[in-house]
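Have a look at start.pdb; it's PDB, C-alpha atoms:
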```pdb
ATOM      1  CA  MET A 206      -5.637  15.967 -63.528
ATOM      2  CA  ALA A 207      -2.307  17.721 -63.819
ATOM      3  CA  ARG A 208      -2.277  21.490 -63.774
ATOM      4  CA  VAL A 209      -1.170  23.521 -66.737
ATOM      5  CA  LEU A 210       2.223  25.064 -66.018
ATOM      6  CA  PRO A 211       1.963  28.663 -64.759
ATOM      7  CA  LEU A 212       2.882  31.470 -67.160
ATOM      8  CA  PHE A 213       5.736  32.495 -64.868
ATOM      9  CA  PHE A 214       7.624  29.313 -65.640
ATOM     10  CA  LEU A 215       7.658  30.096 -69.355
ATOM     11  CA  THR A 216      10.643  32.297 -68.499
ATOM     12  CA  CYS A 217      12.398  29.560 -66.533
ATOM     13  CA  SER A 218      13.377  26.809 -68.964
ATOM     14  CA  LEU A 219      15.090  24.697 -66.328
ATOM     15  CA  PHE A 220      12.014  24.725 -64.163
ATOM     16  CA  LEU A 221       9.862  23.820 -67.158
ATOM     17  CA  ALA A 222      12.026  20.761 -67.641
ATOM     18  CA  ALA A 223      11.601  19.898 -63.972
ATOM     19  CA  CYS A 224       7.858  20.400 -63.775
ATOM     20  CA  GLU A 225       6.281  19.692 -67.179
ATOM     21  CA  LYS A 226       3.191  17.601 -66.663
ATOM     22  CA  LYS A 227       1.886  17.375 -70.179
ATOM     23  CA  GLU A 228       4.411  14.586 -70.621
ATOM     24  CA  PRO A 229       4.635  12.751 -67.281
ATOM     25  CA  PRO A 230       7.228  10.027 -66.730
ATOM     26  CA  PRO A 231       6.593   6.939 -68.863
ATOM     27  CA  ALA A 232       4.246   4.439 -67.322
ATOM     28  CA  ALA A 233       5.547   1.074 -66.240
ATOM     29  CA  PRO A 234       4.693  -1.957 -68.389
ATOM     30  CA  SER A 235       0.993  -2.779 -68.255
ATOM     31  CA  GLN A 236       1.507  -5.989 -66.322
ATOM     32  CA  GLU A 237       2.795  -3.889 -63.400
ATOM     33  CA  THR A 238      -0.200  -1.580 -63.055
ATOM     34  CA  SER A 239      -3.036  -3.750 -61.756
ATOM     35  CA  LEU A 240      -3.911  -3.731 -58.055
ATOM     36  CA  PRO A 241      -3.921  -5.297 -55.556
ATOM     37  CA  ARG A 242      -0.646  -7.238 -55.626
ATOM     38  CA  PRO A 243       0.375 -10.262 -53.576
ATOM     39  CA  PRO A 244       2.446  -9.222 -50.546
ATOM     40  CA  ASP A 245       5.562 -11.010 -51.857
ATOM     41  CA  ARG A 246       5.725  -9.016 -55.105
ATOM     42  CA  PRO A 247       8.745  -6.678 -55.449
ATOM     43  CA  PRO A 248       8.368  -2.885 -55.568
ATOM     44  CA  PHE A 249       6.891  -1.752 -58.839
ATOM     45  CA  HIS A 250       8.628   0.536 -61.265
ATOM     46  CA  GLN A 251       9.713   3.760 -59.553
ATOM     47  CA  GLU A 252       8.423   5.876 -62.441
ATOM     48  CA  LEU A 253       4.928   4.510 -61.837
ATOM     49  CA  PHE A 254       5.222   5.538 -58.185
ATOM     50  CA  LEU A 255       6.321   9.068 -59.166
ATOM     51  CA  GLU A 256       3.570   9.375 -61.771
ATOM     52  CA  ALA A 257       0.953   8.276 -59.253
ATOM     53  CA  ALA A 258       2.071  11.077 -56.915
ATOM     54  CA  LEU A 259       1.883  13.624 -59.724
ATOM     55  CA  ASN A 260      -1.645  12.523 -60.583
ATOM     56  CA  GLY A 261      -2.879  12.111 -57.013
ATOM     57  CA  ASN A 262      -3.459   8.367 -57.268
ATOM     58  CA  LEU A 263      -3.660   7.562 -53.574
ATOM     59  CA  ALA A 264      -4.339   3.844 -54.083
ATOM     60  CA  VAL A 265      -1.155   3.362 -56.112
ATOM     61  CA  ILE A 266       0.883   5.330 -53.564
ATOM     62  CA  GLU A 267      -0.504   3.186 -50.727
ATOM     63  CA  GLU A 268       0.298   0.023 -52.655
ATOM     64  CA  GLY A 269       3.761   1.297 -53.507
ATOM     65  CA  LEU A 270       4.527   1.957 -49.866
ATOM     66  CA  ARG A 271       3.257  -1.502 -48.894
ATOM     67  CA  ARG A 272       5.501  -3.045 -51.520
ATOM     68  CA  GLY A 273       8.594  -1.186 -50.375
ATOM     69  CA  ASN A 274       8.953   1.664 -52.837
ATOM     70  CA  GLN A 275      11.345   4.154 -51.308
ATOM     71  CA  LEU A 276       9.995   7.550 -50.242
ATOM     72  CA  GLU A 277      13.216   9.358 -51.120
ATOM     73  CA  ALA A 278      13.923   7.649 -54.422
ATOM     74  CA  GLU A 279      14.497  10.326 -57.040
ATOM     75  CA  GLY A 280      13.116  10.679 -60.527
ATOM     76  CA  GLU A 281      14.078  13.168 -63.223
ATOM     77  CA  GLY A 282      15.719  16.264 -61.786
ATOM     78  CA  GLN A 283      16.061  14.507 -58.406
ATOM     79  CA  ARG A 284      12.367  15.048 -57.717
ATOM     80  CA  THR A 285      10.728  12.854 -55.079
ATOM     81  CA  VAL A 286       7.156  11.620 -54.813
ATOM     82  CA  LEU A 287       6.481  14.342 -52.222
ATOM     83  CA  MET A 288       7.532  17.016 -54.711
ATOM     84  CA  GLN A 289       5.362  15.500 -57.430
ATOM     85  CA  ALA A 290       2.294  15.407 -55.204
ATOM     86  CA  SER A 291       2.952  18.871 -53.782
ATOM     87  CA  PHE A 292       3.149  20.487 -57.218
ATOM     88  CA  ASN A 293      -0.422  19.510 -58.040
ATOM     89  CA  GLY A 294      -1.753  20.009 -54.511
ATOM     90  CA  HIS A 295      -2.730  16.384 -53.865
ATOM     91  CA  SER A 296      -3.125  16.842 -50.129
ATOM     92  CA  GLU A 297      -4.220  13.307 -49.290
ATOM     93  CA  VAL A 298      -1.146  11.900 -51.002
ATOM     94  CA  VAL A 299       1.058  14.519 -49.333
ATOM     95  CA  ARG A 300      -0.436  13.690 -45.930
ATOM     96  CA  LEU A 301       0.219   9.974 -46.438
ATOM     97  CA  LEU A 302       3.792  10.558 -47.579
ATOM     98  CA  LEU A 303       4.568  12.849 -44.668
ATOM     99  CA  LYS A 304       3.069  10.362 -42.233
ATOM    100  CA  ALA A 305       5.288   7.688 -43.775
ATOM    101  CA  GLY A 306       8.352   9.849 -43.176
ATOM    102  CA  ALA A 307       8.947  11.712 -46.446
ATOM    103  CA  ASN A 308      11.672  14.339 -46.148
ATOM    104  CA  VAL A 309      10.060  17.774 -46.422
ATOM    105  CA  ALA A 310      13.491  19.425 -46.668
ATOM    106  CA  HIS A 311      14.680  17.441 -49.706
ATOM    107  CA  ARG A 312      16.164  19.565 -52.505
ATOM    108  CA  ASP A 313      15.984  18.650 -56.175
ATOM    109  CA  ALA A 314      18.734  19.263 -58.731
ATOM    110  CA  ALA A 315      17.848  22.979 -58.852
ATOM    111  CA  ARG A 316      17.713  23.191 -55.043
ATOM    112  CA  ARG A 317      13.927  23.551 -55.046
ATOM    113  CA  THR A 318      11.762  22.185 -52.232
ATOM    114  CA  SER A 319       8.329  20.620 -52.051
ATOM    115  CA  LEU A 320       7.019  23.891 -50.608
ATOM    116  CA  MET A 321       8.263  25.814 -53.634
ATOM    117  CA  TYR A 322       6.475  23.397 -55.919
ATOM    118  CA  ALA A 323       3.271  23.685 -53.906
ATOM    119  CA  CYS A 324       3.408  27.493 -53.975
ATOM    120  CA  THR A 325       3.116  27.621 -57.761
ATOM    121  CA  GLY A 326      -0.604  26.899 -57.412
ATOM    122  CA  ASP A 327      -3.522  27.602 -55.107
ATOM    123  CA  ASN A 328      -2.674  24.555 -53.001
ATOM    124  CA  MET A 329      -3.529  25.882 -49.560
ATOM    125  CA  ASP A 330      -4.114  22.551 -47.812
ATOM    126  CA  THR A 331      -0.882  21.108 -49.162
ATOM    127  CA  ILE A 332       1.079  24.211 -48.205
ATOM    128  CA  ARG A 333      -0.309  24.104 -44.658
ATOM    129  CA  LEU A 334       0.652  20.433 -44.371
ATOM    130  CA  LEU A 335       4.199  21.083 -45.520
ATOM    131  CA  LEU A 336       4.640  24.050 -43.192
ATOM    132  CA  ARG A 337       3.218  22.047 -40.295
ATOM    133  CA  HIS A 338       5.861  19.403 -40.956
ATOM    134  CA  GLY A 339       8.736  21.867 -40.897
ATOM    135  CA  ALA A 340       9.033  23.144 -44.470
ATOM    136  CA  GLU A 341      11.336  26.175 -44.568
ATOM    137  CA  VAL A 342       9.238  29.185 -45.556
ATOM    138  CA  ASN A 343      12.301  31.246 -46.543
ATOM    139  CA  ALA A 344      14.243  28.597 -48.446
ATOM    140  CA  VAL A 345      15.597  29.763 -51.807
ATOM    141  CA  ASP A 346      16.380  27.744 -54.896
ATOM    142  CA  GLY A 347      19.826  27.330 -56.386
ATOM    143  CA  GLU A 348      19.116  28.902 -59.751
ATOM    144  CA  GLU A 349      17.765  32.407 -59.200
ATOM    145  CA  GLN A 350      17.375  32.516 -55.409
ATOM    146  CA  PHE A 351      13.592  32.438 -55.727
ATOM    147  CA  SER A 352      11.634  31.901 -52.498
ATOM    148  CA  PRO A 353       8.241  30.239 -52.042
ATOM    149  CA  LEU A 354       6.748  33.733 -51.668
ATOM    150  CA  MET A 355       8.128  34.726 -55.058
ATOM    151  CA  TYR A 356       6.590  31.717 -56.775
ATOM    152  CA  ALA A 357       3.201  32.499 -55.262
ATOM    153  CA  ALA A 358       3.472  36.237 -55.965
ATOM    154  CA  ALA A 359       4.327  35.681 -59.622
ATOM    155  CA  GLU A 360       1.088  33.728 -60.011
ATOM    156  CA  GLY A 361      -1.034  36.287 -58.129
ATOM    157  CA  LEU A 362      -2.033  33.787 -55.443
ATOM    158  CA  ALA A 363      -3.205  36.197 -52.753
ATOM    159  CA  SER A 364      -4.330  33.516 -50.312
ATOM    160  CA  VAL A 365      -1.018  31.671 -50.571
ATOM    161  CA  VAL A 366       0.941  34.918 -50.247
ATOM    162  CA  SER A 367      -1.043  35.837 -47.122
ATOM    163  CA  LEU A 368      -0.417  32.431 -45.554
ATOM    164  CA  LEU A 369       3.308  32.556 -46.271
ATOM    165  CA  LEU A 370       3.608  36.062 -44.831
ATOM    166  CA  GLU A 371       1.685  34.929 -41.755
ATOM    167  CA  LYS A 372       4.180  32.081 -41.349
ATOM    168  CA  GLY A 373       7.180  34.396 -41.536
ATOM    169  CA  ALA A 374       8.032  34.686 -45.226
ATOM    170  CA  ASP A 375      10.446  37.553 -45.846
ATOM    171  CA  PRO A 376       8.740  40.152 -48.083
ATOM    172  CA  GLU A 377      12.037  41.953 -48.636
ATOM    173  CA  HIS A 378      14.060  39.014 -49.942
ATOM    174  CA  ARG A 379      15.671  39.738 -53.307
ATOM    175  CA  ASP A 380      16.620  37.274 -56.009
ATOM    176  CA  ARG A 381      19.852  37.279 -58.008
ATOM    177  CA  ASP A 382      18.570  40.182 -60.106
ATOM    178  CA  GLY A 383      17.611  42.255 -57.086
ATOM    179  CA  ASP A 384      13.860  41.762 -57.487
ATOM    180  CA  THR A 385      11.432  41.182 -54.620
ATOM    181  CA  ALA A 386       8.235  39.146 -54.537
ATOM    182  CA  ALA A 387       6.299  42.418 -54.901
ATOM    183  CA  ASP A 388       8.240  43.130 -58.089
ATOM    184  CA  PHE A 389       7.258  39.705 -59.410
ATOM    185  CA  ALA A 390       3.589  40.340 -58.677
ATOM    186  CA  ARG A 391       3.557  43.815 -60.187
ATOM    187  CA  ARG A 392       5.342  42.704 -63.339
ATOM    188  CA  ALA A 393       2.672  40.029 -63.849
ATOM    189  CA  GLY A 394      -0.136  42.537 -63.292
ATOM    190  CA  HIS A 395      -1.106  41.305 -59.833
ATOM    191  CA  LEU A 396      -1.224  44.746 -58.259
ATOM    192  CA  ALA A 397      -3.283  43.781 -55.195
ATOM    193  CA  VAL A 398      -0.800  41.033 -54.370
ATOM    194  CA  ALA A 399       2.110  43.427 -54.841
ATOM    195  CA  LYS A 400       0.466  45.866 -52.423
ATOM    196  CA  LEU A 401      -0.090  43.085 -49.890
ATOM    197  CA  ILE A 402       3.602  42.200 -49.921
ATOM    198  CA  GLU A 403       4.721  45.819 -49.786
ATOM    199  CA  GLU A 404       2.512  46.458 -46.763
ATOM    200  CA  ALA A 405       4.069  43.459 -45.021
ATOM    201  CA  ALA A 406       7.514  44.848 -45.790
ATOM    202  CA  GLY A 407       6.538  48.144 -44.160
TER     203      GLY A 407
END
```
Whole structure, structure tokens version:
Amino acid sequence: MARVLPLFFLTCSLFLAACEKKEPPPAAPSQETSLPRPPDRPPFHQELFLEAALNGNLAVIEEGLRRGNQLEAEGEGQRTVLMQASFNGHSEVVRLLLKAGANVAHRDAARRTSLMYACTGDNMDTIRLLLRHGAEVNAVDGEEQFSPLMYAAAEGLASVVSLLLEKGADPEHRDRDGDTAADFARRAGHLAVAKLIEEAAG
């Protein structure tokens, strides 16, 4: 089941447009949804592939890969299947996509990465997988210069914040407005998380 969008994103209208899961991409026509398919069938509708990643439907992802659906094909906002799966923490789907060669460094239209999407929720297994496959812990988006640490801090995700700091996240990075991840946490009332980041900053 798709997560409800975090409160933090209520202030980021562009990100809401990129990540809204109450209205996932339209499903493909019903005749394209049954499995299994004969090996000579063409790839099914790309939106079905993207929706399956968002919802963690491993069987559809496996079938899509067998039928030639492209890992780096982009949906709305230039989001890939890896980004869709990462946002909802579907680790088994993420693991399969990474094994198949999905690009962990891909940027969407707002210059966000799969790791940034994963860090909006308590998706520890997914985050570890992405980091293990080379995700850049200090990447920043192209809108506000938010880092993965900032996304996690804004949601008060102490375990995610700790993991990112352990992996080298910069606690002193500032966004376009001059705010740090600790500022994000404190503003949202996550005082323990703010303290954790401040201690890492020294």
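Nearest to Arg333 of chain A of all the residues A:Leu255, A:Ala359, A:Ala305, A:Leu369 is A:Leu369, counting all atoms listed in the file.
Proximity ranking of A:Phe389, A:Thr331, A:Leu320, A:Glu277 relative to Asn308 of chain A places A:Glu277 first, based on only C-alpha atoms.
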- Determine, counting all atoms listed in the file, which protein, DNA and RNA residues have an atom within 8 Å of an atom of Val286 of chain A; residues of the same chain fewer than 6 positions away are not included. Present the result as a PyMOL selection string. chain A and resi 254-255+258-259+276-279
Neighbouring residues of Asn274 of chain A were defined as those with any atom within 12 Å, considering only C-alpha atoms; residues of the same chain fewer than 5 positions away were excluded. Please report them as an mmCIF file with C-alpha atoms, in the coordinates of the input.
```cif
data_model
loop_
_atom_site.group_PDB
_atom_site.id
_atom_site.type_symbol
_atom_site.label_atom_id
_atom_site.label_comp_id
_atom_site.auth_asym_id
_atom_site.auth_seq_id
_atom_site.Cartn_x
_atom_site.Cartn_y
_atom_site.Cartn_z
ATOM 1 C CA ARG A 246 5.725 -9.016 -55.105
ATOM 2 C CA PRO A 247 8.745 -6.678 -55.449
ATOM 3 C CA PRO A 248 8.368 -2.885 -55.568
ATOM 4 C CA PHE A 249 6.891 -1.752 -58.839
ATOM 5 C CA HIS A 250 8.628 0.536 -61.265
ATOM 6 C CA GLN A 251 9.713 3.760 -59.553
ATOM 7 C CA GLU A 252 8.423 5.876 -62.441
ATOM 8 C CA LEU A 253 4.928 4.510 -61.837
ATOM 9 C CA PHE A 254 5.222 5.538 -58.185
ATOM 10 C CA LEU A 255 6.321 9.068 -59.166
ATOM 11 C CA VAL A 265 -1.155 3.362 -56.112
ATOM 12 C CA ILE A 266 0.883 5.330 -53.564
ATOM 13 C CA GLU A 267 -0.504 3.186 -50.727
ATOM 14 C CA GLU A 268 0.298 0.023 -52.655
ATOM 15 C CA GLY A 269 3.761 1.297 -53.507
ATOM 16 C CA GLU A 279 14.497 10.326 -57.040
ATOM 17 C CA THR A 285 10.728 12.854 -55.079
ATOM 18 C CA VAL A 286 7.156 11.620 -54.813
ATOM 19 C CA LEU A 302 3.792 10.558 -47.579
ATOM 20 C CA ALA A 305 5.288 7.688 -43.775
ATOM 21 C CA ALA A 307 8.947 11.712 -46.446
#
```
- Taking the file as shown, what set of residues would the PyMOL selection byres ((chain A and resi 347) around 6) give back, as a PyMOL selection string? chain A and resi 315-316+346+348+350
Could you give me, as a PyMOL selection string, the residues within 10 Å of Ser367 of chain A, counting all atoms listed in the file and dropping anything in the same chain fewer than 3 positions from it? chain A and resi 354+357-358+362-364+370-372+374+398+401-402+405
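The two atoms in question, atom CA of Phe351 of chain A and atom CA of Gln275 of chain A, are spaced 28.7 Å apart.
What separates atom CA of Leu303 of chain A from atom CA of His378 of chain A is a distance of 28.3 Å.
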- Excluding same-chain residues fewer than 6 positions from Gly373 of chain A, what lies within 10 Å of it counting all atoms listed in the file, as an NGL selection string? :A and (341-343)
Can you give me, as a count of residues only, the residues this file yields under the PyMOL selection byres ((chain A and resi 325-327) around 7)? 11
Excluding Ala310 of chain A and any residue of its chain fewer than 4 positions from it, enumerate the residues within 10 Å of it, using only C-alpha atoms, and give them as a PDB file with C-alpha atoms, in the frame of the given file.
```pdb
ATOM      1  CA  ARG A 317      13.927  23.551 -55.046  1.00  0.00           C
ATOM      2  CA  THR A 318      11.762  22.185 -52.232  1.00  0.00           C
ATOM      3  CA  SER A 319       8.329  20.620 -52.051  1.00  0.00           C
ATOM      4  CA  LEU A 320       7.019  23.891 -50.608  1.00  0.00           C
ATOM      5  CA  LEU A 335       4.199  21.083 -45.520  1.00  0.00           C
ATOM      6  CA  HIS A 338       5.861  19.403 -40.956  1.00  0.00           C
ATOM      7  CA  GLY A 339       8.736  21.867 -40.897  1.00  0.00           C
ATOM      8  CA  ALA A 340       9.033  23.144 -44.470  1.00  0.00           C
ATOM      9  CA  GLU A 341      11.336  26.175 -44.568  1.00  0.00           C
ATOM     10  CA  ALA A 344      14.243  28.597 -48.446  1.00  0.00           C
TER      11      ALA A 344
END
```
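For the pair atom CA of Glu403 of chain A and atom CA of Ala386 of chain A, the interatomic distance is 8.9 Å.
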Using all atoms of segment 298-305 of chain A that appear in the file, construct an axis-aligned enclosing box with 8 Å of padding on every side and provide its centre coordinates and edge lengths in Å, rounded to one decimal, as JSON.
```
{"center_x": 2.1, "center_y": 11.1, "center_z": -46.6, "size_x": 22.4, "size_y": 22.8, "size_z": 24.8}
```
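When only C-alpha atoms are used to compute distances to Leu287 of chain A, the closest of the residues A:Arg381, A:Arg392, A:Arg300, A:Arg272 turns out to be A:Arg300.
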